[in-house]
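This is structure04.txt (compact mmCIF, C-alpha atoms).
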# COMPACT_ATOMS: atom_id res chain seq x y z
CA VAL A 111 -27.40 138.13 0.20
CA ASN A 112 -24.14 137.98 2.19
CA ARG A 113 -24.72 139.88 5.40
CA TYR A 114 -22.07 141.08 7.84
CA PHE A 115 -22.10 142.88 11.20
CA ASP A 116 -22.22 146.23 9.36
CA ASP A 117 -25.39 145.25 7.49
CA PHE A 118 -27.62 144.71 10.53
CA GLY A 119 -29.65 147.48 12.09
CA VAL A 120 -31.33 147.47 15.50
CA GLY A 121 -35.00 146.71 14.84
CA ASP A 122 -34.40 144.54 11.75
CA THR A 123 -36.68 141.50 11.84
CA PHE A 124 -36.65 138.12 10.11
CA GLN A 125 -39.44 135.54 9.85
CA SER A 126 -38.61 131.85 9.51
CA GLY A 127 -40.51 129.05 7.86
CA GLY A 128 -42.22 126.38 9.93
CA LEU A 129 -41.24 123.01 11.37
CA THR A 130 -43.66 120.37 12.65
CA LEU A 131 -42.43 118.47 15.70
CA SER A 132 -43.58 114.86 15.64
CA GLU A 133 -44.09 112.76 18.76
CA ALA A 134 -41.14 110.63 17.62
CA MET A 135 -38.87 113.69 17.52
CA LEU A 136 -39.97 114.72 21.02
CA LEU A 137 -39.38 111.23 22.44
CA ASP A 138 -35.99 110.89 20.76
CA PHE A 139 -34.73 114.17 22.21
CA ALA A 140 -36.16 113.36 25.65
CA MET A 141 -34.46 109.96 25.74
CA LYS A 142 -31.09 111.50 24.92
CA TYR A 143 -31.16 114.77 26.84
CA ASP A 144 -34.20 115.40 29.04
CA PRO A 145 -35.63 112.10 30.31
CA GLN A 146 -38.35 113.51 32.57
CA PRO A 147 -41.69 111.62 32.55
CA PHE A 148 -43.68 114.47 30.92
CA HIS A 149 -41.17 114.51 28.02
CA LEU A 150 -40.47 110.78 27.76
CA ASP A 151 -43.50 108.72 28.75
CA VAL A 152 -46.87 109.27 27.08
CA GLU A 153 -48.73 107.47 29.86
CA ALA A 154 -46.99 109.21 32.76
CA ALA A 155 -47.36 112.55 30.95
CA LYS A 156 -51.17 112.13 30.98
CA GLN A 157 -51.03 112.10 34.78
CA SER A 158 -48.67 115.12 34.98
CA ILE A 159 -49.65 118.78 35.36
CA TYR A 160 -49.35 119.07 31.55
CA GLY A 161 -52.02 116.42 30.85
CA GLY A 162 -49.94 114.90 28.05
CA LEU A 163 -46.54 114.74 26.43
CA ILE A 164 -44.68 118.05 25.97
CA ALA A 165 -41.36 118.89 24.31
CA SER A 166 -38.22 119.57 26.33
CA GLY A 167 -37.71 123.34 26.45
CA CYS A 168 -34.15 122.72 25.40
CA GLN A 169 -35.45 121.06 22.21
CA THR A 170 -37.72 124.03 21.47
CA LEU A 171 -34.67 126.28 21.84
CA ALA A 172 -32.69 124.05 19.46
CA VAL A 173 -35.55 124.14 16.93
CA ALA A 174 -35.63 127.95 17.16
CA LEU A 175 -31.94 128.05 16.34
CA ARG A 176 -32.40 125.63 13.47
CA LEU A 177 -35.30 127.63 12.00
CA PHE A 178 -33.38 130.91 12.17
CA LEU A 179 -30.20 129.35 10.72
CA SER A 180 -32.23 127.94 7.82
CA GLU A 181 -33.04 131.50 6.75
CA ARG A 182 -29.27 131.93 6.18
CA VAL A 183 -29.32 135.46 7.63
CA LEU A 184 -26.00 134.71 9.42
CA ALA A 185 -24.65 132.25 6.84
CA SER A 186 -21.68 134.36 5.75
CA CYS A 187 -20.80 135.95 9.07
CA SER A 188 -21.53 133.65 12.05
CA LEU A 189 -18.59 132.93 14.33
CA GLY A 190 -20.69 131.16 16.99
CA SER A 191 -22.31 132.38 20.17
CA PRO A 192 -20.91 133.67 23.47
CA GLY A 193 -24.15 132.91 25.30
CA ILE A 194 -27.90 133.24 25.73
CA GLU A 195 -29.96 135.52 28.00
CA GLU A 196 -33.39 135.09 29.47
CA ILE A 197 -34.99 132.06 27.92
CA ARG A 198 -38.67 131.91 28.87
CA TYR A 199 -40.95 128.95 28.22
CA LYS A 200 -44.33 130.57 27.64
CA LYS A 201 -46.50 127.61 26.74
CA PRO A 202 -45.98 123.84 26.36
CA VAL A 203 -45.07 122.49 22.90
CA ARG A 204 -47.01 119.33 22.09
CA PRO A 205 -46.59 116.54 19.48
CA GLY A 206 -47.72 117.80 16.07
CA ASP A 207 -47.20 121.47 16.88
CA THR A 208 -45.78 123.54 14.03
CA LEU A 209 -43.26 126.11 15.21
CA SER A 210 -41.79 129.16 13.53
CA VAL A 211 -39.55 131.90 14.83
CA LYS A 212 -39.47 135.65 14.42
CA THR A 213 -36.10 137.23 15.20
CA GLU A 214 -35.23 140.86 15.83
CA ILE A 215 -31.86 142.58 16.14
CA LEU A 216 -31.97 144.10 19.65
CA GLU A 217 -28.42 145.39 20.08
CA LYS A 218 -25.11 145.68 18.19
CA ASN A 219 -21.80 145.72 20.08
CA PRO A 220 -18.53 145.96 18.15
CA SER A 221 -15.81 143.92 19.88
CA ARG A 222 -13.35 146.05 21.83
CA SER A 223 -10.46 143.60 21.51
CA ARG A 224 -11.02 142.39 17.93
CA THR A 225 -11.66 144.92 15.19
CA ASP A 226 -12.99 142.33 12.70
CA ARG A 227 -16.11 141.28 14.64
CA GLY A 228 -18.98 142.24 16.89
CA VAL A 229 -21.83 140.77 18.92
CA LEU A 230 -25.49 140.92 17.88
CA ARG A 231 -28.10 140.43 20.58
CA ILE A 232 -30.97 138.79 18.72
CA GLY A 233 -34.46 138.38 20.19
CA TYR A 234 -36.15 135.10 19.31
CA MET A 235 -39.89 134.61 19.56
CA VAL A 236 -41.11 131.11 18.77
CA THR A 237 -44.83 130.71 18.06
CA ASN A 238 -47.01 127.68 17.38
CA GLN A 239 -49.61 127.16 14.63
CA ASN A 240 -52.13 129.23 16.64
CA GLN A 241 -49.74 132.19 16.79
CA GLU A 242 -49.27 131.63 20.52
CA PRO A 243 -45.76 132.39 21.81
CA VAL A 244 -44.14 129.24 23.21
CA LEU A 245 -40.58 130.47 23.81
CA THR A 246 -38.73 133.78 23.95
CA ALA A 247 -34.96 134.20 24.26
CA GLN A 248 -32.14 136.59 23.55
CA ILE A 249 -29.24 134.85 21.86
CA LEU A 250 -25.85 136.54 21.49
CA HIS A 251 -24.26 135.93 18.09
CA LEU A 252 -20.63 136.70 17.33
CA VAL A 253 -20.44 137.87 13.71
CA LEU A 254 -17.80 139.06 11.27
CA LYS A 255 -17.56 142.59 9.97
CA LYS A 256 -17.37 143.28 6.22
CA GLY A 257 -14.05 142.84 4.45
CA HIS A 258 -12.67 140.30 6.91
CA ALA A 259 -14.02 137.06 5.43
CA GLY A 260 -13.55 135.29 2.13
CA GLU A 261 -16.33 137.35 0.58
CA VAL B 738 -33.95 109.97 48.62
CA ASN B 739 -37.17 111.72 47.57
CA ARG B 740 -36.43 115.45 47.64
CA TYR B 741 -38.99 118.25 47.54
CA PHE B 742 -38.83 122.06 47.49
CA ASP B 743 -38.61 122.09 51.29
CA ASP B 744 -35.52 119.86 51.29
CA PHE B 745 -33.26 122.16 49.28
CA GLY B 746 -31.09 124.82 50.89
CA VAL B 747 -29.34 127.71 49.17
CA GLY B 748 -25.72 126.63 48.75
CA ASP B 749 -26.45 122.88 48.39
CA THR B 750 -24.29 121.40 45.62
CA PHE B 751 -24.48 118.24 43.54
CA GLN B 752 -21.78 116.65 41.37
CA SER B 753 -22.77 114.59 38.32
CA GLY B 754 -21.02 111.70 36.65
CA GLY B 755 -19.34 112.13 33.27
CA LEU B 756 -20.42 111.79 29.65
CA THR B 757 -18.07 111.53 26.67
CA LEU B 758 -19.31 113.30 23.56
CA SER B 759 -18.30 111.46 20.40
CA GLU B 760 -17.79 113.13 17.03
CA ALA B 761 -20.84 111.20 15.80
CA MET B 762 -23.00 112.70 18.57
CA LEU B 763 -21.78 116.21 17.73
CA LEU B 764 -22.47 115.75 14.01
CA ASP B 765 -25.91 114.26 14.60
CA PHE B 766 -27.02 117.18 16.79
CA ALA B 767 -25.54 119.71 14.36
CA MET B 768 -27.36 118.21 11.38
CA LYS B 769 -30.69 118.37 13.19
CA TYR B 770 -30.45 121.62 15.10
CA ASP B 771 -27.36 123.74 14.52
CA PRO B 772 -26.01 123.18 10.99
CA GLN B 773 -23.20 125.73 11.05
CA PRO B 774 -19.93 124.68 9.35
CA PHE B 775 -17.88 124.57 12.57
CA HIS B 776 -20.45 122.16 14.10
CA LEU B 777 -21.30 120.14 10.98
CA ASP B 778 -18.33 119.87 8.63
CA VAL B 779 -14.96 118.56 9.86
CA GLU B 780 -13.11 120.04 6.89
CA ALA B 781 -14.73 123.47 7.03
CA ALA B 782 -14.27 123.53 10.81
CA LYS B 783 -10.48 123.22 10.36
CA GLN B 784 -10.55 126.52 8.46
CA SER B 785 -12.78 128.24 11.05
CA ILE B 786 -11.64 130.33 14.02
CA TYR B 787 -12.04 127.17 16.14
CA GLY B 788 -9.46 125.16 14.13
CA GLY B 789 -11.65 122.05 14.24
CA LEU B 790 -15.10 120.69 14.95
CA ILE B 791 -16.85 121.97 18.11
CA ALA B 792 -20.17 121.06 19.73
CA SER B 793 -23.23 123.27 19.40
CA GLY B 794 -23.59 125.23 22.63
CA CYS B 795 -27.19 124.13 22.69
CA GLN B 796 -26.03 120.50 22.76
CA THR B 797 -23.67 121.22 25.66
CA LEU B 798 -26.62 122.76 27.51
CA ALA B 799 -28.74 119.67 26.78
CA VAL B 800 -25.93 117.40 28.03
CA ALA B 801 -25.70 119.46 31.24
CA LEU B 802 -29.40 118.92 31.81
CA ARG B 803 -29.09 115.22 31.09
CA LEU B 804 -26.16 114.81 33.49
CA PHE B 805 -27.95 116.63 36.31
CA LEU B 806 -31.22 114.73 35.74
CA SER B 807 -29.30 111.44 35.87
CA GLU B 808 -28.41 112.22 39.50
CA ARG B 809 -32.18 112.07 40.22
CA VAL B 810 -31.96 115.06 42.58
CA LEU B 811 -35.25 116.37 41.13
CA ALA B 812 -36.74 112.97 40.27
CA SER B 813 -39.67 113.16 42.72
CA CYS B 814 -40.42 116.86 42.49
CA SER B 815 -39.70 118.31 39.03
CA LEU B 816 -42.63 120.05 37.33
CA GLY B 817 -40.54 121.42 34.46
CA SER B 818 -38.79 124.72 33.92
CA PRO B 819 -40.08 128.28 33.46
CA GLY B 820 -36.82 129.38 31.82
CA ILE B 821 -33.05 129.80 31.82
CA GLU B 822 -30.88 132.81 32.67
CA GLU B 823 -27.44 133.76 31.49
CA ILE B 824 -25.96 130.87 29.58
CA ARG B 825 -22.26 131.50 28.91
CA TYR B 826 -20.12 129.40 26.59
CA LYS B 827 -16.69 129.56 28.22
CA LYS B 828 -14.66 127.24 26.03
CA PRO B 829 -15.33 125.09 22.95
CA VAL B 830 -16.37 121.46 23.46
CA ARG B 831 -14.56 119.11 21.08
CA PRO B 832 -15.14 115.50 19.93
CA GLY B 833 -14.02 113.10 22.66
CA ASP B 834 -14.39 115.62 25.49
CA THR B 835 -15.81 114.20 28.70
CA LEU B 836 -18.21 116.57 30.43
CA SER B 837 -19.59 116.65 33.94
CA VAL B 838 -21.72 119.23 35.75
CA LYS B 839 -21.67 120.69 39.22
CA THR B 840 -24.95 122.27 40.28
CA GLU B 841 -25.68 124.62 43.16
CA ILE B 842 -28.98 125.87 44.58
CA LEU B 843 -28.73 129.66 44.18
CA GLU B 844 -32.23 130.78 45.16
CA LYS B 845 -35.57 129.41 46.42
CA ASN B 846 -38.82 131.19 45.62
CA PRO B 847 -42.13 129.74 46.82
CA SER B 848 -44.88 130.36 44.27
CA ARG B 849 -47.21 133.19 45.23
CA SER B 850 -50.19 131.82 43.31
CA ARG B 851 -49.77 128.07 43.99
CA THR B 852 -49.08 126.91 47.53
CA ASP B 853 -47.92 123.42 46.45
CA ARG B 854 -44.79 124.49 44.52
CA GLY B 855 -41.83 126.82 44.18
CA VAL B 856 -39.00 127.76 41.84
CA LEU B 857 -35.37 126.78 42.43
CA ARG B 858 -32.73 128.81 40.61
CA ILE B 859 -29.94 126.28 40.03
CA GLY B 860 -26.45 127.25 38.88
CA TYR B 861 -24.88 124.81 36.41
CA MET B 862 -21.15 124.66 35.78
CA VAL B 863 -20.08 122.21 33.09
CA THR B 864 -16.40 121.26 33.01
CA ASN B 865 -14.35 119.09 30.66
CA GLN B 866 -11.83 116.35 31.49
CA ASN B 867 -9.19 119.03 32.24
CA GLN B 868 -11.47 120.69 34.82
CA GLU B 869 -11.88 123.68 32.51
CA PRO B 870 -15.35 125.31 32.62
CA VAL B 871 -17.04 125.05 29.22
CA LEU B 872 -20.54 126.30 30.08
CA THR B 873 -22.26 128.11 32.94
CA ALA B 874 -26.01 128.71 33.22
CA GLN B 875 -28.74 129.37 35.73
CA ILE B 876 -31.75 127.16 35.09
CA LEU B 877 -35.09 127.78 36.81
CA HIS B 878 -36.76 124.57 38.00
CA LEU B 879 -40.38 124.43 39.12
CA VAL B 880 -40.61 121.85 41.92
CA LEU B 881 -43.27 120.39 44.20
CA LYS B 882 -43.40 121.00 47.92
CA LYS B 883 -43.67 118.09 50.37
CA GLY B 884 -47.02 116.47 50.94
CA HIS B 885 -48.44 117.40 47.55
CA ALA B 886 -47.22 114.46 45.44
CA GLY B 887 -47.82 110.74 45.54
CA GLU B 888 -44.98 110.31 48.05

Translate this structure into structure tokens?
Amino acid sequence: VNRYFDDFGVGDTFQSGGLTLSEAMLLDFAMKYDPQPFHLDVEAAKQSIYGGLIASGCQTLAVALRLFLSERVLASCSLGSPGIEEIRYKKPVRPGDTLSVKTEILEKNPSRSRTDRGVLRIGYMVTNQNQEPVLTAQILHLVLKKGHAGE
Amino acid sequence: VNRYFDDFGVGDTFQSGGLTLSEAMLLDFAMKYDPQPFHLDVEAAKQSIYGGLIASGCQTLAVALRLFLSERVLASCSLGSPGIEEIRYKKPVRPGDTLSVKTEILEKNPSRSRTDRGVLRIGYMVTNQNQEPVLTAQILHLVLKKGHAGE
């Protein structure tokens, strides 16, 4: 299905598949981007308020994006993102956790300056294997309208 | 310097060093987390509205975090983050761009339930080598108060 701005309705929801985050993936991301002891050092993490290694919130956000993109809902129309609102880390993500994301179209705003595109505000809710929410966010996605791409 | 919640004042600013993002780093992040053509495929990116490969906004955010953490401003007191407000992607980040981040303490909120900690709202402004802003965000950081850590 090739979807465009016109095809989305407020309230539409999409459910992703799952992705298991290994300890190696957590440590690799932490070393590159978020080298705090509770993300980077198994031994130090045991002594932290988390009682063990947890994923960088930024990695959980990236995984949410990856899971949603894999559903190809925006594959024909995505022009990138102008920003993100209100990311909330609800619960730590730990090595071996399996995450999936449910997305919902919260708002549609046609661009005022460009007639070929609009912005979708999409709510992301990431849950773990116990159906506990671990992250919520609202990501703005700039998307093409119908008849303006190489459809 | 070991800084704690008590040591920060609204208006305090910190300037990071720089980090050059190679094309390889952009492609690696895109493959793992944000596999959209303008992040992942040099040839497809040329045909996109960006006219060439650009970094995933999520990677730019991660780099901002990394640059700020490298200054060790929060090294003795960070307990993680409850969330992020209002990320705005101001300008595309391209292969070879050198990013740095200026941070500013925007707000201090002592925790109501836990007397040993509080939340700092920190404004991040990421600029490229031409001093053009590429990303702004407000990240919430949970930090320890003095006298509650192994100082």

Cut-off 10 Å: closest chain A/chain B atom pairs per residue, using all atoms listed in the file, as CSV:
residue,atom,partner,partner_atom,distance
A:Phe139,CA,B:Ala799,CA,9.3
A:Ala140,CA,B:Arg803,CA,9.1
A:Met141,CA,B:Arg803,CA,9.2
A:Lys142,CA,B:Arg803,CA,7.5
A:Tyr143,CA,B:Arg803,CA,4.7
A:Asp144,CA,B:Arg803,CA,5.5
A:Pro145,CA,B:Arg803,CA,7.3
A:Gln146,CA,B:Ala812,CA,7.9
A:Pro147,CA,B:Ala812,CA,9.3
A:Phe148,CA,B:Gly817,CA,8.4
A:His149,CA,B:Gly817,CA,9.5
A:Ser158,CA,B:Leu816,CA,8.1
A:Ile159,CA,B:Leu816,CA,7.4
A:Tyr160,CA,B:Leu816,CA,8.9
A:Ser166,CA,B:Gly817,CA,8.7
A:Gly167,CA,B:Ser818,CA,7.7
A:Cys168,CA,B:Ala799,CA,6.4
A:Gln169,CA,B:Ala799,CA,8.2
A:Thr170,CA,B:Tyr770,CA,10.0
A:Leu171,CA,B:Cys795,CA,7.8
A:Ala172,CA,B:Tyr770,CA,5.5
A:Val173,CA,B:Tyr770,CA,6.0
A:Ala174,CA,B:Tyr770,CA,8.4
A:Leu175,CA,B:Asp771,CA,6.5
A:Arg176,CA,B:Tyr770,CA,4.7
A:Leu177,CA,B:Tyr770,CA,8.3
A:Phe178,CA,B:Asp771,CA,9.7
A:Leu179,CA,B:Asp771,CA,7.3
A:Ser180,CA,B:Pro772,CA,8.4
A:Arg182,CA,B:Gln773,CA,9.9
A:Leu184,CA,B:Gln773,CA,9.5
A:Ala185,CA,B:Gln773,CA,7.9
A:Ser188,CA,B:Gln773,CA,8.2
A:Leu189,CA,B:Ile786,CA,7.4
A:Gly190,CA,B:Phe775,CA,8.4
A:Ser191,CA,B:Tyr826,CA,7.4
A:Pro192,CA,B:Tyr826,CA,5.3
A:Gly193,CA,B:Arg825,CA,4.3
A:Ile194,CA,B:Ile824,CA,4.9
A:Glu195,CA,B:Glu823,CA,4.7
A:Glu196,CA,B:Glu822,CA,4.7
A:Ile197,CA,B:Ile821,CA,4.9
A:Arg198,CA,B:Gly820,CA,4.3
A:Tyr199,CA,B:Pro819,CA,5.4
A:Lys200,CA,B:Pro819,CA,7.6
A:Lys201,CA,B:Pro819,CA,9.3
A:Leu245,CA,B:Gly820,CA,8.9
A:Thr246,CA,B:Gly820,CA,9.2
A:Ala247,CA,B:Ile821,CA,9.0
A:Gln248,CA,B:Glu823,CA,9.7
A:Ile249,CA,B:Ile824,CA,9.3
A:Leu250,CA,B:Arg825,CA,9.7

Fit chain B to chain A, all Cα atoms paired in order, least squares. Then write it as a compact mmCIF listing (two decimals) with C-alpha atoms, in the coordinates of the input.
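Dumped to part_24.txt:
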# COMPACT_ATOMS: atom_id res chain seq x y z
CA VAL B 738 -27.38 138.16 0.21
CA ASN B 739 -24.12 137.98 2.18
CA ARG B 740 -24.72 139.89 5.41
CA TYR B 741 -22.06 141.08 7.85
CA PHE B 742 -22.08 142.90 11.20
CA ASP B 743 -22.22 146.23 9.37
CA ASP B 744 -25.39 145.26 7.49
CA PHE B 745 -27.61 144.71 10.53
CA GLY B 746 -29.64 147.50 12.10
CA VAL B 747 -31.32 147.47 15.50
CA GLY B 748 -34.99 146.71 14.84
CA ASP B 749 -34.40 144.54 11.73
CA THR B 750 -36.68 141.48 11.85
CA PHE B 751 -36.65 138.12 10.11
CA GLN B 752 -39.45 135.55 9.84
CA SER B 753 -38.60 131.85 9.52
CA GLY B 754 -40.49 129.04 7.85
CA GLY B 755 -42.23 126.37 9.92
CA LEU B 756 -41.24 123.01 11.37
CA THR B 757 -43.66 120.37 12.65
CA LEU B 758 -42.42 118.48 15.69
CA SER B 759 -43.57 114.86 15.66
CA GLU B 760 -44.09 112.76 18.77
CA ALA B 761 -41.14 110.63 17.63
CA MET B 762 -38.87 113.70 17.53
CA LEU B 763 -39.98 114.73 21.03
CA LEU B 764 -39.38 111.23 22.43
CA ASP B 765 -35.99 110.89 20.77
CA PHE B 766 -34.72 114.19 22.22
CA ALA B 767 -36.16 113.36 25.65
CA MET B 768 -34.46 109.96 25.76
CA LYS B 769 -31.09 111.50 24.94
CA TYR B 770 -31.17 114.76 26.85
CA ASP B 771 -34.19 115.40 29.05
CA PRO B 772 -35.64 112.10 30.31
CA GLN B 773 -38.35 113.50 32.57
CA PRO B 774 -41.70 111.63 32.55
CA PHE B 775 -43.68 114.46 30.93
CA HIS B 776 -41.17 114.52 28.02
CA LEU B 777 -40.46 110.78 27.77
CA ASP B 778 -43.49 108.71 28.75
CA VAL B 779 -46.87 109.26 27.08
CA GLU B 780 -48.73 107.47 29.86
CA ALA B 781 -46.98 109.20 32.75
CA ALA B 782 -47.36 112.55 30.96
CA LYS B 783 -51.17 112.14 30.99
CA GLN B 784 -51.02 112.10 34.79
CA SER B 785 -48.67 115.11 34.98
CA ILE B 786 -49.67 118.76 35.37
CA TYR B 787 -49.34 119.05 31.57
CA GLY B 788 -52.03 116.41 30.86
CA GLY B 789 -49.96 114.91 28.04
CA LEU B 790 -46.55 114.74 26.44
CA ILE B 791 -44.68 118.05 25.97
CA ALA B 792 -41.36 118.90 24.31
CA SER B 793 -38.23 119.58 26.33
CA GLY B 794 -37.73 123.34 26.45
CA CYS B 795 -34.17 122.72 25.39
CA GLN B 796 -35.46 121.05 22.22
CA THR B 797 -37.73 124.02 21.47
CA LEU B 798 -34.69 126.27 21.85
CA ALA B 799 -32.70 124.05 19.47
CA VAL B 800 -35.56 124.13 16.94
CA ALA B 801 -35.65 127.95 17.16
CA LEU B 802 -31.96 128.04 16.34
CA ARG B 803 -32.42 125.62 13.47
CA LEU B 804 -35.31 127.62 12.00
CA PHE B 805 -33.39 130.90 12.17
CA LEU B 806 -30.21 129.35 10.72
CA SER B 807 -32.24 127.93 7.83
CA GLU B 808 -33.03 131.51 6.75
CA ARG B 809 -29.25 131.92 6.19
CA VAL B 810 -29.31 135.45 7.64
CA LEU B 811 -26.01 134.71 9.43
CA ALA B 812 -24.66 132.24 6.85
CA SER B 813 -21.67 134.36 5.75
CA CYS B 814 -20.79 135.94 9.08
CA SER B 815 -21.53 133.66 12.05
CA LEU B 816 -18.58 132.92 14.34
CA GLY B 817 -20.68 131.17 16.98
CA SER B 818 -22.32 132.37 20.16
CA PRO B 819 -20.91 133.66 23.46
CA GLY B 820 -24.16 132.89 25.29
CA ILE B 821 -27.91 133.23 25.74
CA GLU B 822 -29.95 135.53 27.99
CA GLU B 823 -33.38 135.09 29.47
CA ILE B 824 -35.01 132.07 27.92
CA ARG B 825 -38.69 131.93 28.87
CA TYR B 826 -40.96 128.96 28.22
CA LYS B 827 -44.35 130.58 27.64
CA LYS B 828 -46.51 127.61 26.73
CA PRO B 829 -45.98 123.85 26.35
CA VAL B 830 -45.06 122.48 22.92
CA ARG B 831 -47.01 119.33 22.07
CA PRO B 832 -46.59 116.54 19.47
CA GLY B 833 -47.74 117.79 16.07
CA ASP B 834 -47.21 121.47 16.87
CA THR B 835 -45.78 123.53 14.03
CA LEU B 836 -43.25 126.10 15.20
CA SER B 837 -41.80 129.15 13.52
CA VAL B 838 -39.54 131.91 14.84
CA LYS B 839 -39.46 135.65 14.42
CA THR B 840 -36.10 137.23 15.20
CA GLU B 841 -35.22 140.86 15.83
CA ILE B 842 -31.85 142.59 16.15
CA LEU B 843 -31.97 144.10 19.66
CA GLU B 844 -28.41 145.37 20.08
CA LYS B 845 -25.09 145.68 18.20
CA ASN B 846 -21.80 145.73 20.07
CA PRO B 847 -18.52 145.95 18.15
CA SER B 848 -15.81 143.93 19.88
CA ARG B 849 -13.35 146.06 21.83
CA SER B 850 -10.47 143.61 21.51
CA ARG B 851 -11.01 142.38 17.91
CA THR B 852 -11.66 144.93 15.19
CA ASP B 853 -12.97 142.32 12.70
CA ARG B 854 -16.10 141.28 14.64
CA GLY B 855 -18.98 142.23 16.90
CA VAL B 856 -21.83 140.75 18.93
CA LEU B 857 -25.48 140.92 17.86
CA ARG B 858 -28.08 140.42 20.58
CA ILE B 859 -30.97 138.79 18.72
CA GLY B 860 -34.45 138.39 20.20
CA TYR B 861 -36.16 135.10 19.31
CA MET B 862 -39.91 134.61 19.57
CA VAL B 863 -41.12 131.11 18.78
CA THR B 864 -44.84 130.71 18.07
CA ASN B 865 -47.01 127.68 17.37
CA GLN B 866 -49.61 127.15 14.63
CA ASN B 867 -52.14 129.21 16.65
CA GLN B 868 -49.74 132.19 16.79
CA GLU B 869 -49.27 131.62 20.52
CA PRO B 870 -45.74 132.39 21.81
CA VAL B 871 -44.14 129.24 23.21
CA LEU B 872 -40.58 130.47 23.80
CA THR B 873 -38.73 133.78 23.95
CA ALA B 874 -34.96 134.18 24.25
CA GLN B 875 -32.15 136.59 23.54
CA ILE B 876 -29.24 134.84 21.86
CA LEU B 877 -25.84 136.52 21.49
CA HIS B 878 -24.27 135.93 18.07
CA LEU B 879 -20.63 136.70 17.33
CA VAL B 880 -20.43 137.88 13.70
CA LEU B 881 -17.78 139.05 11.26
CA LYS B 882 -17.55 142.59 9.96
CA LYS B 883 -17.33 143.29 6.22
CA GLY B 884 -14.03 142.87 4.46
CA HIS B 885 -12.65 140.32 6.90
CA ALA B 886 -14.02 137.09 5.40
CA GLY B 887 -13.56 135.34 2.09
CA GLU B 888 -16.36 137.42 0.55

For atom CA of Arg851 of chain B and atom CA of Gly746 of chain B, quote the distance in Å rounded to one decimal.
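These atoms are spaced 20.2 Å apart.
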
Write out as lines of an AutoDock Vina configuration file an axis-aligned box for segment 137-148 of chain A: all of its atoms listed in the file, 4 Å added on each side, centre and edge lengths in Å with one decimal.
center_x = -37.4
center_y = 112.7
center_z = 26.7
size_x = 20.6
size_y = 13.4
size_z = 19.8

Determine, counting only C-alpha atoms, which protein, DNA and RNA residues have an atom within 6 Å of an atom of segment 163-165 of chain A; residues of the same chain fewer than 3 positions away are not included. Present the result as a PyMOL selection string.
chain A and resi 136+148-149+152+155+202-204

Can you measure atom CA of Leu777 of chain B to atom CA of Thr835 of chain B for me? One decimal in Å is fine.
19.5 Å

I'd like the contact shell of Glu133 of chain A - 8 Å cut-off, all atoms listed in the file, skipping same-chain residues fewer than 4 positions apart - returned as a list in words.
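Using all atoms listed in the file, the neighbours found are Leu137, Arg204, Pro205 and Gly206 of chain A.
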
What is the atom CA of Leu881 of chain B to atom CA of Leu131 of chain A distance in Å?
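Going from atom CA of Leu881 of chain B over to atom CA of Leu131 of chain A covers 28.6 Å.
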